[in-house]
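Trainee: Here you go, this is start.tsv (TSV, C-alpha atoms and all ligand atoms).
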chain	number	residue	atom	x	y	z
C	1	MET	CA	3.60	24.20	8.10
C	2	HIS	CA	1.93	21.14	6.66
C	3	LYS	CA	4.11	18.09	6.18
C	4	LEU	CA	3.31	17.59	2.48
C	5	GLU	CA	2.64	21.19	1.45
C	6	GLY	CA	2.73	21.53	-2.34
C	7	LYS	CA	3.66	17.87	-2.88
C	8	VAL	CA	2.08	15.56	-5.44
C	9	ALA	CA	1.21	12.16	-3.95
C	10	LEU	CA	0.09	9.08	-5.88
C	11	ILE	CA	-1.60	6.41	-3.76
C	12	THR	CA	-2.39	3.09	-5.42
C	13	GLY	CA	-5.37	1.36	-3.83
C	14	GLY	CA	-6.42	4.76	-2.51
C	15	SER	CA	-10.16	4.17	-2.75
C	16	SER	CA	-10.55	2.06	0.41
C	17	GLY	CA	-9.06	1.16	3.77
C	18	ILE	CA	-5.45	2.16	4.48
C	19	GLY	CA	-5.07	3.95	1.13
C	20	LEU	CA	-8.18	6.09	1.58
C	21	ALA	CA	-7.26	7.01	5.16
C	22	SER	CA	-3.82	8.01	3.87
C	23	ALA	CA	-5.32	10.05	1.05
C	24	ARG	CA	-7.39	11.99	3.62
C	25	LEU	CA	-4.35	12.63	5.82
C	26	PHE	CA	-1.96	13.48	2.97
C	27	ARG	CA	-4.53	15.94	1.61
C	28	ALA	CA	-5.00	17.52	5.04
C	29	GLU	CA	-1.19	17.89	5.11
C	30	GLY	CA	-1.22	19.88	1.88
C	31	ALA	CA	-0.66	17.28	-0.86
C	32	SER	CA	-2.38	17.08	-4.22
C	33	ILE	CA	-3.71	13.54	-4.42
C	34	VAL	CA	-3.81	11.09	-7.30
C	35	LEU	CA	-5.38	7.80	-6.25
C	36	THR	CA	-6.16	4.55	-8.01
C	37	GLY	CA	-8.33	1.47	-7.67
C	38	ARG	CA	-10.43	-0.60	-10.04
C	39	ASP	CA	-14.00	-0.04	-8.84
C	40	PRO	CA	-15.26	3.17	-10.52
C	41	GLN	CA	-17.94	3.73	-7.88
C	42	ALA	CA	-15.45	3.63	-4.99
C	43	LEU	CA	-13.14	5.95	-6.95
C	44	ALA	CA	-15.93	8.47	-7.60
C	45	GLN	CA	-16.87	8.42	-3.91
C	46	ALA	CA	-13.27	8.98	-2.81
C	47	ALA	CA	-12.81	11.84	-5.30
C	48	ALA	CA	-16.03	13.51	-4.15
C	49	GLU	CA	-15.05	13.21	-0.49
C	50	LEU	CA	-11.48	14.45	-0.93
C	51	GLY	CA	-12.44	17.24	-3.32
C	52	GLY	CA	-10.00	19.91	-4.49
C	53	ASP	CA	-7.70	18.83	-7.30
C	54	THR	CA	-7.92	15.12	-6.41
C	55	LEU	CA	-7.55	12.85	-9.42
C	56	ALA	CA	-9.11	9.38	-8.94
C	57	LEU	CA	-8.22	7.04	-11.78
C	58	ALA	CA	-9.28	3.51	-12.60
C	59	SER	CA	-5.97	1.71	-13.03
C	60	ASP	CA	-5.29	-1.97	-12.48
C	61	ALA	CA	-2.03	-2.28	-10.56
C	62	ALA	CA	-1.35	-5.60	-12.31
C	63	ASP	CA	-1.67	-4.20	-15.85
C	64	LEU	CA	1.50	-2.65	-17.27
C	65	ALA	CA	-0.29	-0.73	-20.02
C	66	GLN	CA	-2.61	0.81	-17.42
C	67	ILE	CA	0.41	1.80	-15.33
C	68	ASP	CA	1.82	3.60	-18.40
C	69	ALA	CA	-1.49	5.44	-18.83
C	70	LEU	CA	-1.49	6.34	-15.12
C	71	MET	CA	1.97	7.90	-15.31
C	72	ALA	CA	0.98	9.80	-18.45
C	73	ALA	CA	-2.02	11.19	-16.52
C	74	VAL	CA	0.18	12.24	-13.58
C	75	GLN	CA	2.64	13.86	-16.01
C	76	ALA	CA	-0.15	15.72	-17.79
C	77	ARG	CA	-1.80	16.98	-14.57
C	78	HIS	CA	1.23	17.72	-12.39
C	79	GLY	CA	4.44	17.17	-14.39
C	80	ARG	CA	6.09	15.46	-11.43
C	81	LEU	CA	5.62	13.08	-8.48
C	82	ASP	CA	6.92	13.67	-4.95
C	83	VAL	CA	5.32	10.79	-3.02
C	84	LEU	CA	4.50	7.33	-4.37
C	85	PHE	CA	2.54	5.15	-1.95
C	86	LEU	CA	2.30	1.63	-3.36
C	87	ASN	CA	-0.53	0.28	-1.30
C	88	ALA	CA	-2.83	-1.67	-3.66
C	89	GLY	CA	-2.82	-5.32	-2.74
C	90	VAL	CA	-4.93	-8.46	-2.92
C	91	ALA	CA	-5.11	-11.57	-0.76
C	92	THR	CA	-6.97	-14.80	-1.35
C	93	ALA	CA	-7.14	-17.26	1.53
C	94	GLY	CA	-6.36	-20.93	0.98
C	95	PRO	CA	-3.82	-23.60	1.91
C	96	ILE	CA	-1.35	-24.97	-0.64
C	97	GLU	CA	-3.74	-27.74	-1.68
C	98	THR	CA	-6.36	-25.31	-2.99
C	99	VAL	CA	-4.40	-22.39	-4.50
C	100	THR	CA	-5.11	-22.11	-8.24
C	101	PRO	CA	-2.65	-20.78	-10.84
C	102	ALA	CA	-5.03	-17.86	-11.45
C	103	GLN	CA	-5.00	-16.93	-7.76
C	104	PHE	CA	-1.21	-17.25	-7.65
C	105	ASP	CA	-0.82	-14.98	-10.69
C	106	SER	CA	-3.33	-12.43	-9.39
C	107	MET	CA	-1.48	-12.02	-6.08
C	108	MET	CA	2.00	-11.97	-7.63
C	109	ASP	CA	1.00	-9.67	-10.51
C	110	THR	CA	-0.77	-7.15	-8.28
C	111	ASN	CA	1.41	-7.29	-5.18
C	112	VAL	CA	4.87	-7.70	-6.74
C	113	LYS	CA	5.07	-7.21	-10.50
C	114	GLY	CA	2.76	-4.19	-10.47
C	115	VAL	CA	4.70	-2.56	-7.64
C	116	PHE	CA	8.07	-3.08	-9.35
C	117	PHE	CA	6.95	-1.66	-12.69
C	118	THR	CA	4.99	1.19	-11.13
C	119	ILE	CA	8.21	2.30	-9.44
C	120	GLN	CA	10.17	1.87	-12.69
C	121	LYS	CA	7.62	3.88	-14.66
C	122	ALA	CA	7.27	6.59	-11.97
C	123	LEU	CA	11.00	7.27	-11.64
C	124	PRO	CA	11.23	9.72	-14.57
C	125	LEU	CA	8.71	11.88	-12.68
C	126	MET	CA	10.54	11.71	-9.35
C	127	GLY	CA	13.46	13.85	-8.25
C	128	LYS	CA	15.65	14.58	-5.26
C	129	GLY	CA	13.65	14.54	-2.03
C	130	ALA	CA	10.95	12.24	-3.40
C	131	SER	CA	9.77	9.34	-1.28
C	132	ILE	CA	8.35	5.89	-2.02
C	133	VAL	CA	6.36	3.90	0.56
C	134	VAL	CA	5.32	0.28	0.02
C	135	THR	CA	2.68	-1.61	2.03
C	136	THR	CA	3.85	-5.09	2.97
C	137	SER	CA	2.35	-7.26	5.78
C	138	ILE	CA	3.54	-8.98	8.96
C	139	THR	CA	2.59	-12.20	7.14
C	140	ASN	CA	5.86	-11.85	5.22
C	141	GLN	CA	7.85	-12.60	8.39
C	142	LEU	CA	5.49	-14.80	10.39
C	143	GLY	CA	4.33	-17.29	7.83
C	144	SER	CA	0.67	-18.14	7.50
C	145	PRO	CA	-0.49	-21.55	6.26
C	146	ASN	CA	-3.67	-20.00	4.88
C	147	PHE	CA	-1.88	-17.24	2.96
C	148	PRO	CA	1.30	-18.84	1.55
C	149	VAL	CA	1.32	-16.93	-1.74
C	150	TYR	CA	0.21	-13.62	-0.22
C	151	GLY	CA	2.97	-13.88	2.40
C	152	ALA	CA	5.54	-14.70	-0.28
C	153	SER	CA	4.41	-11.77	-2.40
C	154	LYS	CA	4.85	-9.38	0.53
C	155	ALA	CA	8.24	-10.93	1.39
C	156	ALA	CA	9.34	-10.15	-2.17
C	157	LEU	CA	8.46	-6.52	-1.51
C	158	ARG	CA	10.56	-6.49	1.66
C	159	SER	CA	13.55	-7.57	-0.42
C	160	LEU	CA	12.73	-5.13	-3.20
C	161	VAL	CA	12.64	-2.20	-0.78
C	162	LYS	CA	16.15	-3.05	0.43
C	163	SER	CA	17.65	-3.33	-3.08
C	164	LEU	CA	15.87	-0.24	-4.35
C	165	GLY	CA	16.76	1.61	-1.17
C	166	LEU	CA	20.39	1.33	-2.26
C	167	ALA	CA	19.66	1.83	-5.94
C	168	LEU	CA	17.73	5.07	-5.47
C	169	ILE	CA	19.27	6.88	-2.52
C	170	GLY	CA	22.05	8.27	-4.74
C	171	ARG	CA	19.34	10.21	-6.56
C	172	GLY	CA	17.94	11.50	-3.27
C	173	ILE	CA	14.90	9.21	-3.47
C	174	ARG	CA	14.04	7.21	-0.33
C	175	ILE	CA	12.03	3.99	-0.33
C	176	ASN	CA	10.70	2.26	2.79
C	177	ALA	CA	7.95	-0.20	3.67
C	178	LEU	CA	5.25	-0.25	6.30
C	179	SER	CA	4.18	-3.66	7.50
C	180	PRO	CA	0.69	-3.78	9.00
C	181	GLY	CA	-0.76	-6.41	11.26
C	182	PRO	CA	-4.55	-6.75	11.41
C	183	ILE	CA	-6.20	-3.48	10.36
C	184	ALA	CA	-9.95	-2.86	10.26
C	185	THR	CA	-10.56	-2.50	6.51
C	186	PRO	CA	-12.81	-4.27	4.00
C	187	ILE	CA	-9.95	-6.59	2.95
C	188	PHE	CA	-11.15	-9.36	5.28
C	189	ASP	CA	-14.40	-9.56	3.32
C	190	ARG	CA	-12.39	-10.03	0.12
C	191	PHE	CA	-10.37	-13.08	1.21
C	192	GLY	CA	-12.86	-15.44	-0.46
C	193	LEU	CA	-13.75	-17.11	2.85
C	194	PRO	CA	-17.04	-19.02	3.25
C	195	PRO	CA	-20.01	-17.15	4.84
C	196	GLY	CA	-19.16	-16.19	8.42
C	197	GLY	CA	-15.47	-16.91	7.81
C	198	ALA	CA	-14.36	-13.28	7.84
C	199	ASP	CA	-16.16	-12.59	11.12
C	200	ALA	CA	-14.66	-15.73	12.66
C	201	ALA	CA	-11.19	-14.71	11.52
C	202	ARG	CA	-11.65	-11.20	12.93
C	203	ALA	CA	-12.78	-12.59	16.31
C	204	ALA	CA	-9.88	-15.06	16.52
C	205	ILE	CA	-7.32	-12.37	15.64
C	206	THR	CA	-8.79	-9.89	18.15
C	207	ALA	CA	-8.59	-12.50	20.90
C	208	LYS	CA	-4.98	-13.33	20.00
C	209	SER	CA	-3.70	-9.75	19.63
C	210	PRO	CA	-1.70	-8.35	22.56
C	211	SER	CA	-3.66	-5.12	21.98
C	212	GLN	CA	-6.97	-7.03	21.92
C	213	ARG	CA	-8.10	-5.08	18.89
C	214	PHE	CA	-7.56	-4.39	15.21
C	215	GLY	CA	-5.61	-1.32	14.19
C	216	GLU	CA	-7.47	1.51	12.50
C	217	PRO	CA	-6.51	2.55	8.96
C	218	GLU	CA	-5.90	6.08	10.32
C	219	GLU	CA	-3.15	4.69	12.58
C	220	VAL	CA	-1.39	3.22	9.54
C	221	ALA	CA	-1.94	6.45	7.59
C	222	ARG	CA	0.05	8.35	10.23
C	223	LEU	CA	2.98	5.97	9.69
C	224	ALA	CA	2.65	6.35	5.91
C	225	LEU	CA	2.78	10.14	6.36
C	226	PHE	CA	5.90	9.86	8.51
C	227	LEU	CA	7.68	7.67	5.95
C	228	ALA	CA	6.54	9.85	3.04
C	229	SER	CA	7.59	13.14	4.63
C	230	SER	CA	10.98	14.63	5.42
C	231	ASP	CA	10.43	13.57	9.06
C	232	ALA	CA	11.88	10.23	7.87
C	233	SER	CA	14.72	11.86	5.92
C	234	TYR	CA	17.41	9.39	7.14
C	235	LEU	CA	15.27	6.24	6.87
C	236	VAL	CA	16.22	4.12	3.84
C	237	GLY	CA	15.22	0.59	2.83
C	238	GLU	CA	13.49	-0.13	6.14
C	239	GLU	CA	10.30	-2.05	6.87
C	240	VAL	CA	8.42	-0.60	9.85
C	241	VAL	CA	5.99	-2.95	11.58
C	242	ILE	CA	2.66	-1.57	12.85
C	243	ASP	CA	0.70	-4.39	14.43
C	244	GLY	CA	-0.22	-3.73	18.08
C	245	GLY	CA	2.41	-6.25	19.15
C	246	MET	CA	1.01	-9.14	17.10
C	247	SER	CA	4.35	-10.23	15.64
C	248	LEU	CA	6.01	-10.27	19.08
C	249	LEU	CA	4.05	-13.39	19.97
M	1	LIG	N1	-6.09	-4.76	6.45
M	1	LIG	C1	-5.12	-5.54	6.92
M	1	LIG	O1	-5.29	-6.24	7.94
M	1	LIG	C2	-3.79	-5.59	6.21
M	1	LIG	C3	-2.72	-6.23	6.86
M	1	LIG	C4	-1.48	-6.29	6.23
M	1	LIG	C5	-1.31	-5.71	4.98
M	1	LIG	N2	-2.37	-5.10	4.36
M	1	LIG	C6	-2.13	-4.51	3.03
M	1	LIG	O2	-2.59	-3.17	3.04
M	1	LIG	C7	-2.89	-2.78	1.70
M	1	LIG	C8	-4.23	-2.08	1.70
M	1	LIG	O3	-5.21	-3.00	2.09
M	1	LIG	P1	-6.52	-2.60	2.91
M	1	LIG	O4	-6.54	-3.43	4.12
M	1	LIG	O5	-6.67	-1.14	3.00
M	1	LIG	O6	-7.62	-3.27	1.94
M	1	LIG	P2	-8.83	-2.70	1.10
M	1	LIG	O7	-9.69	-1.83	1.95
M	1	LIG	O8	-9.40	-3.91	0.45
M	1	LIG	O9	-8.13	-1.76	0.01
M	1	LIG	C9	-7.41	-2.30	-1.06
M	1	LIG	C10	-7.27	-1.22	-2.10
M	1	LIG	O10	-6.47	-1.73	-3.16
M	1	LIG	C11	-7.20	-1.59	-4.37
M	1	LIG	N3	-6.79	-2.65	-5.29
M	1	LIG	C12	-6.81	-3.98	-5.10
M	1	LIG	N4	-6.37	-4.60	-6.20
M	1	LIG	C13	-6.04	-3.63	-7.08
M	1	LIG	C14	-5.54	-3.64	-8.40
M	1	LIG	N5	-5.26	-4.78	-9.04
M	1	LIG	N6	-5.34	-2.46	-9.02
M	1	LIG	C15	-5.62	-1.29	-8.39
M	1	LIG	N7	-6.10	-1.23	-7.15
M	1	LIG	C16	-6.31	-2.38	-6.51
M	1	LIG	C17	-8.66	-1.65	-3.96
M	1	LIG	O11	-9.53	-1.08	-4.91
M	1	LIG	P3	-10.34	-2.00	-6.00
M	1	LIG	O12	-10.75	-3.25	-5.30
M	1	LIG	O13	-11.45	-1.12	-6.46
M	1	LIG	O14	-9.35	-2.26	-7.08
M	1	LIG	C18	-8.61	-0.82	-2.70
M	1	LIG	O15	-8.59	0.56	-3.00
M	1	LIG	C19	-2.81	-4.04	0.86
M	1	LIG	O16	-1.57	-4.07	0.17
M	1	LIG	C20	-2.88	-5.16	1.89
M	1	LIG	O17	-2.23	-6.32	1.43
M	1	LIG	C21	-3.60	-5.02	4.94
Please rewrite the model in this file as structure tokens.
Mentor:
Amino acid sequence: MHKLEGKVALITGGSSGIGLASARLFRAEGASIVLTGRDPQALAQAAAELGGDTLALASDAADLAQIDALMAAVQARHGRLDVLFLNAGVATAGPIETVTPAQFDSMMDTNVKGVFFTIQKALPLMGKGASIVVTTSITNQLGSPNFPVYGASKAALRSLVKSLGLALIGRGIRINALSPGPIATPIFDRFGLPPGGADAARAAITAKSPSQRFGEPEEVARLALFLASSDASYLVGEEVVIDGGMSLL
């Protein structure tokens, strides 16, 4: 028996990295997939690869009107939602001296506000047994002078998952977070670092990691599947770290 047989799963930021690996795994486990991102080309590629009844929709996680349209599309196609994986996220590198208000708003709007209102707007589609998974980051516990706003945005999610864990469990809806350390996805090339900066950061992190490597998005996808499925039926409001031992240092 597949772990998500007959379930409808919405994955935000499902067109790349951790989200795409999870979409592949959730589909292999029997789910109908709805995934989002902003880049239409990446969405078309993901939809073509996943095939079947996959719905890949351009939807900006920071735009409340687009979240409304997304939920209307899920309602029209499936009439319900069993798994909501809130994985879309952005990070811009920079110390406090250089962070602009636009960068601050982009990270907070995408990583926090969008997540909160996506959950709010998805709830009418979710019933008993449904599961919500949120992607945070080990940065939210460790602190990182180059990612102060990103870390704060992910810390807000850690808090949100605890409050909503209590708010939603009475309806039979579980919410938990997964907190990745360094994972080999394109996100490092999107930090806005100078040329060579992403490679230098990758090398420094690899050298520092107790596992001496980055995690693979497929390793995170297996944790997302666990949290999303009834295997995690008694797990509520938790944040599970997956980082090869990085945050033990
Ligand atoms: N990789 C790591 O080392 C690491 C570590 C800790 C936490 N994380 C978290 O893991 C999550 C996934 O990241 P990843 O590493 O898989 O990065 P990724 O490969 O860059 O994927 C990010 C995904 O989010 C989408 N996205 C970004 N902004 C969006 C927006 N405003 N609206 C809709 N979709 C949006 C991207 O698509 P478009 O760009 O087309 O919109 C893409 O599908 C993020 O929340 C990230 O913060 C990653």
Trainee: Just how far from atom CA of C:Pro180 is atom CA of C:Pro210, in Å to one decimal?
Mentor: 14.5 Å
Trainee: Give the residue list for ligand LIG 1 (chain M) at 8 Å, counting only C-alpha atoms and all ligand atoms, as a PDB file with C-alpha atoms, in the frame of the given file, sorted by chain and then by residue number.
Mentor:
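That gives us result16.pdb:
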ATOM      1  CA  THR C  12      -2.390   3.090  -5.420  1.00  0.00           C
ATOM      2  CA  GLY C  13      -5.370   1.360  -3.830  1.00  0.00           C
ATOM      3  CA  GLY C  14      -6.420   4.760  -2.510  1.00  0.00           C
ATOM      4  CA  SER C  15     -10.160   4.170  -2.750  1.00  0.00           C
ATOM      5  CA  SER C  16     -10.550   2.060   0.410  1.00  0.00           C
ATOM      6  CA  GLY C  17      -9.060   1.160   3.770  1.00  0.00           C
ATOM      7  CA  ILE C  18      -5.450   2.160   4.480  1.00  0.00           C
ATOM      8  CA  GLY C  19      -5.070   3.950   1.130  1.00  0.00           C
ATOM      9  CA  LEU C  20      -8.180   6.090   1.580  1.00  0.00           C
ATOM     10  CA  THR C  36      -6.160   4.550  -8.010  1.00  0.00           C
ATOM     11  CA  GLY C  37      -8.330   1.470  -7.670  1.00  0.00           C
ATOM     12  CA  ARG C  38     -10.430  -0.600 -10.040  1.00  0.00           C
ATOM     13  CA  ASP C  39     -14.000  -0.040  -8.840  1.00  0.00           C
ATOM     14  CA  PRO C  40     -15.260   3.170 -10.520  1.00  0.00           C
ATOM     15  CA  ALA C  42     -15.450   3.630  -4.990  1.00  0.00           C
ATOM     16  CA  LEU C  43     -13.140   5.950  -6.950  1.00  0.00           C
ATOM     17  CA  ALA C  58      -9.280   3.510 -12.600  1.00  0.00           C
ATOM     18  CA  SER C  59      -5.970   1.710 -13.030  1.00  0.00           C
ATOM     19  CA  ASP C  60      -5.290  -1.970 -12.480  1.00  0.00           C
ATOM     20  CA  ALA C  61      -2.030  -2.280 -10.560  1.00  0.00           C
ATOM     21  CA  ALA C  62      -1.350  -5.600 -12.310  1.00  0.00           C
ATOM     22  CA  ASP C  63      -1.670  -4.200 -15.850  1.00  0.00           C
ATOM     23  CA  LEU C  86       2.300   1.630  -3.360  1.00  0.00           C
ATOM     24  CA  ASN C  87      -0.530   0.280  -1.300  1.00  0.00           C
ATOM     25  CA  ALA C  88      -2.830  -1.670  -3.660  1.00  0.00           C
ATOM     26  CA  GLY C  89      -2.820  -5.320  -2.740  1.00  0.00           C
ATOM     27  CA  VAL C  90      -4.930  -8.460  -2.920  1.00  0.00           C
ATOM     28  CA  ALA C  91      -5.110 -11.570  -0.760  1.00  0.00           C
ATOM     29  CA  SER C 106      -3.330 -12.430  -9.390  1.00  0.00           C
ATOM     30  CA  THR C 110      -0.770  -7.150  -8.280  1.00  0.00           C
ATOM     31  CA  ASN C 111       1.410  -7.290  -5.180  1.00  0.00           C
ATOM     32  CA  THR C 135       2.680  -1.610   2.030  1.00  0.00           C
ATOM     33  CA  THR C 136       3.850  -5.090   2.970  1.00  0.00           C
ATOM     34  CA  SER C 137       2.350  -7.260   5.780  1.00  0.00           C
ATOM     35  CA  ILE C 138       3.540  -8.980   8.960  1.00  0.00           C
ATOM     36  CA  THR C 139       2.590 -12.200   7.140  1.00  0.00           C
ATOM     37  CA  TYR C 150       0.210 -13.620  -0.220  1.00  0.00           C
ATOM     38  CA  LYS C 154       4.850  -9.380   0.530  1.00  0.00           C
ATOM     39  CA  SER C 179       4.180  -3.660   7.500  1.00  0.00           C
ATOM     40  CA  PRO C 180       0.690  -3.780   9.000  1.00  0.00           C
ATOM     41  CA  GLY C 181      -0.760  -6.410  11.260  1.00  0.00           C
ATOM     42  CA  PRO C 182      -4.550  -6.750  11.410  1.00  0.00           C
ATOM     43  CA  ILE C 183      -6.200  -3.480  10.360  1.00  0.00           C
ATOM     44  CA  ALA C 184      -9.950  -2.860  10.260  1.00  0.00           C
ATOM     45  CA  THR C 185     -10.560  -2.500   6.510  1.00  0.00           C
ATOM     46  CA  PRO C 186     -12.810  -4.270   4.000  1.00  0.00           C
ATOM     47  CA  ILE C 187      -9.950  -6.590   2.950  1.00  0.00           C
ATOM     48  CA  PHE C 188     -11.150  -9.360   5.280  1.00  0.00           C
ATOM     49  CA  ARG C 190     -12.390 -10.030   0.120  1.00  0.00           C
ATOM     50  CA  PHE C 214      -7.560  -4.390  15.210  1.00  0.00           C
ATOM     51  CA  GLY C 215      -5.610  -1.320  14.190  1.00  0.00           C
ATOM     52  CA  PRO C 217      -6.510   2.550   8.960  1.00  0.00           C
TER      53      PRO C 217
END
Trainee: Which is closest to C:Arg213 among C:Phe191, C:Met246, C:Ala228, C:Ala28, if we use all atoms listed in the file?
Mentor: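 Smallest separation from C:Arg213 among the options: C:Met246.
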Trainee: Of the residues C:Arg24, C:Ile67, C:Ala207, C:Ser233, which is the one nearest to C:Ala48, using only C-alpha atoms?
Mentor: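 Once distances to C:Ala48 are computed over only C-alpha atoms, the minimum belongs to C:Arg24.
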Trainee: Using all atoms listed in the file, which residues sit within 8 Å of C:Lys3 once same-chain residues fewer than 3 positions away are excluded, as number ranges by chain?
Mentor: C: 29-30, 229-230
Trainee: What is the atom CA of C:Val134 to atom CA of C:Arg158 distance in Å?
Mentor: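 Atom CA of C:Arg158 lies at a distance of 8.7 Å from atom CA of C:Val134.
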Trainee: So which one's closest to C:Leu64, C:Phe26, C:Phe104, C:Phe117, C:Phe85? Using all atoms listed in the file, please.
Mentor: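 Answer, going by the shortest atom-to-atom distance: C:Phe117.
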Trainee: I need the residue nearest C:Arg174 from this list: C:Gly127, C:Pro148, C:Gly192, C:Gly197. Use only C-alpha atoms for the distance.
Mentor: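 Closest to C:Arg174 of all the choices is C:Gly127.
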Trainee: Could you check the closest approach to C:Pro145 for each of C:Ile96, C:Val133, C:Leu160, C:Ala122 and tell me which residue wins, using all atoms listed in the file?
Mentor: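 Once distances to C:Pro145 are computed over all atoms listed in the file, the minimum belongs to C:Ile96.
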Trainee: Just give me the gap between atom CA of C:Ala76 and atom CA of C:Leu57 in Å, one decimal is fine.
Mentor: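 We find that atom CA of C:Ala76 and atom CA of C:Leu57 lie 13.3 Å from each other.
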Trainee: Find the spatial neighbours of C:Gly51, counting only C-alpha atoms, within a cut-off of 12 Å - ignore same-chain residues fewer than 2 positions away - and output them as a list in words.
Mentor: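 The contact residues come out as Ala23, Arg24, Arg27, Ala28, Ser32, Ile33, Val34, Leu43, Ala44, Gln45, Ala46, Ala47, Ala48, Glu49, Asp53, Thr54, Leu55 and Ala56 of chain C.
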Trainee: Using only C-alpha atoms for the distances, tell me which of C:Leu125, C:Ala156, C:Leu193, C:Val161 is nearest to C:Leu70.
Mentor: C:Leu125
Trainee: Generate the missing atoms of stretch 144-150 of chain C up to all heavy atoms and report them as a PDB file, keeping the file's coordinate frame.
Mentor:
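Output file selection.pdb follows:
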ATOM      1  N   SER C 144       2.095 -17.927   7.267  1.00  0.00           N
ATOM      2  CA  SER C 144       0.670 -18.140   7.500  1.00  0.00           C
ATOM      3  C   SER C 144       0.202 -19.234   6.574  1.00  0.00           C
ATOM      4  O   SER C 144       0.170 -19.050   5.357  1.00  0.00           O
ATOM      5  CB  SER C 144      -0.087 -16.836   7.235  1.00  0.00           C
ATOM      6  OG  SER C 144      -1.463 -17.063   7.329  1.00  0.00           O
ATOM      7  N   PRO C 145      -0.141 -20.420   7.125  1.00  0.00           N
ATOM      8  CA  PRO C 145      -0.490 -21.550   6.260  1.00  0.00           C
ATOM      9  C   PRO C 145      -1.686 -21.289   5.360  1.00  0.00           C
ATOM     10  O   PRO C 145      -1.830 -21.931   4.314  1.00  0.00           O
ATOM     11  CB  PRO C 145      -0.795 -22.682   7.255  1.00  0.00           C
ATOM     12  CG  PRO C 145      -0.767 -22.088   8.620  1.00  0.00           C
ATOM     13  CD  PRO C 145      -0.152 -20.744   8.556  1.00  0.00           C
ATOM     14  N   ASN C 146      -2.517 -20.312   5.713  1.00  0.00           N
ATOM     15  CA  ASN C 146      -3.670 -20.000   4.880  1.00  0.00           C
ATOM     16  C   ASN C 146      -3.408 -18.918   3.849  1.00  0.00           C
ATOM     17  O   ASN C 146      -4.255 -18.630   3.016  1.00  0.00           O
ATOM     18  CB  ASN C 146      -4.866 -19.578   5.749  1.00  0.00           C
ATOM     19  CG  ASN C 146      -5.849 -20.712   5.906  1.00  0.00           C
ATOM     20  OD1 ASN C 146      -5.978 -21.555   5.013  1.00  0.00           O
ATOM     21  ND2 ASN C 146      -6.510 -20.756   7.036  1.00  0.00           N
ATOM     22  N   PHE C 147      -2.220 -18.307   3.926  1.00  0.00           N
ATOM     23  CA  PHE C 147      -1.880 -17.240   2.960  1.00  0.00           C
ATOM     24  C   PHE C 147      -0.454 -17.416   2.450  1.00  0.00           C
ATOM     25  O   PHE C 147       0.345 -16.473   2.507  1.00  0.00           O
ATOM     26  CB  PHE C 147      -2.035 -15.863   3.631  1.00  0.00           C
ATOM     27  CG  PHE C 147      -3.457 -15.484   3.930  1.00  0.00           C
ATOM     28  CD1 PHE C 147      -4.017 -15.773   5.164  1.00  0.00           C
ATOM     29  CD2 PHE C 147      -4.235 -14.846   2.971  1.00  0.00           C
ATOM     30  CE1 PHE C 147      -5.333 -15.433   5.441  1.00  0.00           C
ATOM     31  CE2 PHE C 147      -5.552 -14.503   3.240  1.00  0.00           C
ATOM     32  CZ  PHE C 147      -6.103 -14.792   4.485  1.00  0.00           C
ATOM     33  N   PRO C 148      -0.104 -18.618   1.923  1.00  0.00           N
ATOM     34  CA  PRO C 148       1.300 -18.840   1.550  1.00  0.00           C
ATOM     35  C   PRO C 148       1.757 -17.951   0.395  1.00  0.00           C
ATOM     36  O   PRO C 148       2.891 -17.452   0.417  1.00  0.00           O
ATOM     37  CB  PRO C 148       1.320 -20.331   1.146  1.00  0.00           C
ATOM     38  CG  PRO C 148      -0.094 -20.662   0.801  1.00  0.00           C
ATOM     39  CD  PRO C 148      -0.949 -19.797   1.674  1.00  0.00           C
ATOM     40  N   VAL C 149       0.900 -17.725  -0.579  1.00  0.00           N
ATOM     41  CA  VAL C 149       1.320 -16.930  -1.740  1.00  0.00           C
ATOM     42  C   VAL C 149       1.303 -15.441  -1.389  1.00  0.00           C
ATOM     43  O   VAL C 149       2.220 -14.688  -1.748  1.00  0.00           O
ATOM     44  CB  VAL C 149       0.406 -17.217  -2.954  1.00  0.00           C
ATOM     45  CG1 VAL C 149       0.863 -16.401  -4.158  1.00  0.00           C
ATOM     46  CG2 VAL C 149       0.420 -18.706  -3.281  1.00  0.00           C
ATOM     47  N   TYR C 150       0.280 -15.034  -0.677  1.00  0.00           N
ATOM     48  CA  TYR C 150       0.210 -13.620  -0.220  1.00  0.00           C
ATOM     49  C   TYR C 150       1.453 -13.276   0.595  1.00  0.00           C
ATOM     50  O   TYR C 150       2.109 -12.258   0.354  1.00  0.00           O
ATOM     51  CB  TYR C 150      -1.060 -13.431   0.603  1.00  0.00           C
ATOM     52  CG  TYR C 150      -1.201 -12.055   1.226  1.00  0.00           C
ATOM     53  CD1 TYR C 150      -1.471 -10.932   0.448  1.00  0.00           C
ATOM     54  CD2 TYR C 150      -1.074 -11.887   2.610  1.00  0.00           C
ATOM     55  CE1 TYR C 150      -1.607  -9.672   1.034  1.00  0.00           C
ATOM     56  CE2 TYR C 150      -1.210 -10.636   3.195  1.00  0.00           C
ATOM     57  CZ  TYR C 150      -1.470  -9.534   2.401  1.00  0.00           C
ATOM     58  OH  TYR C 150      -1.604  -8.298   2.983  1.00  0.00           O
TER      59      TYR C 150
END
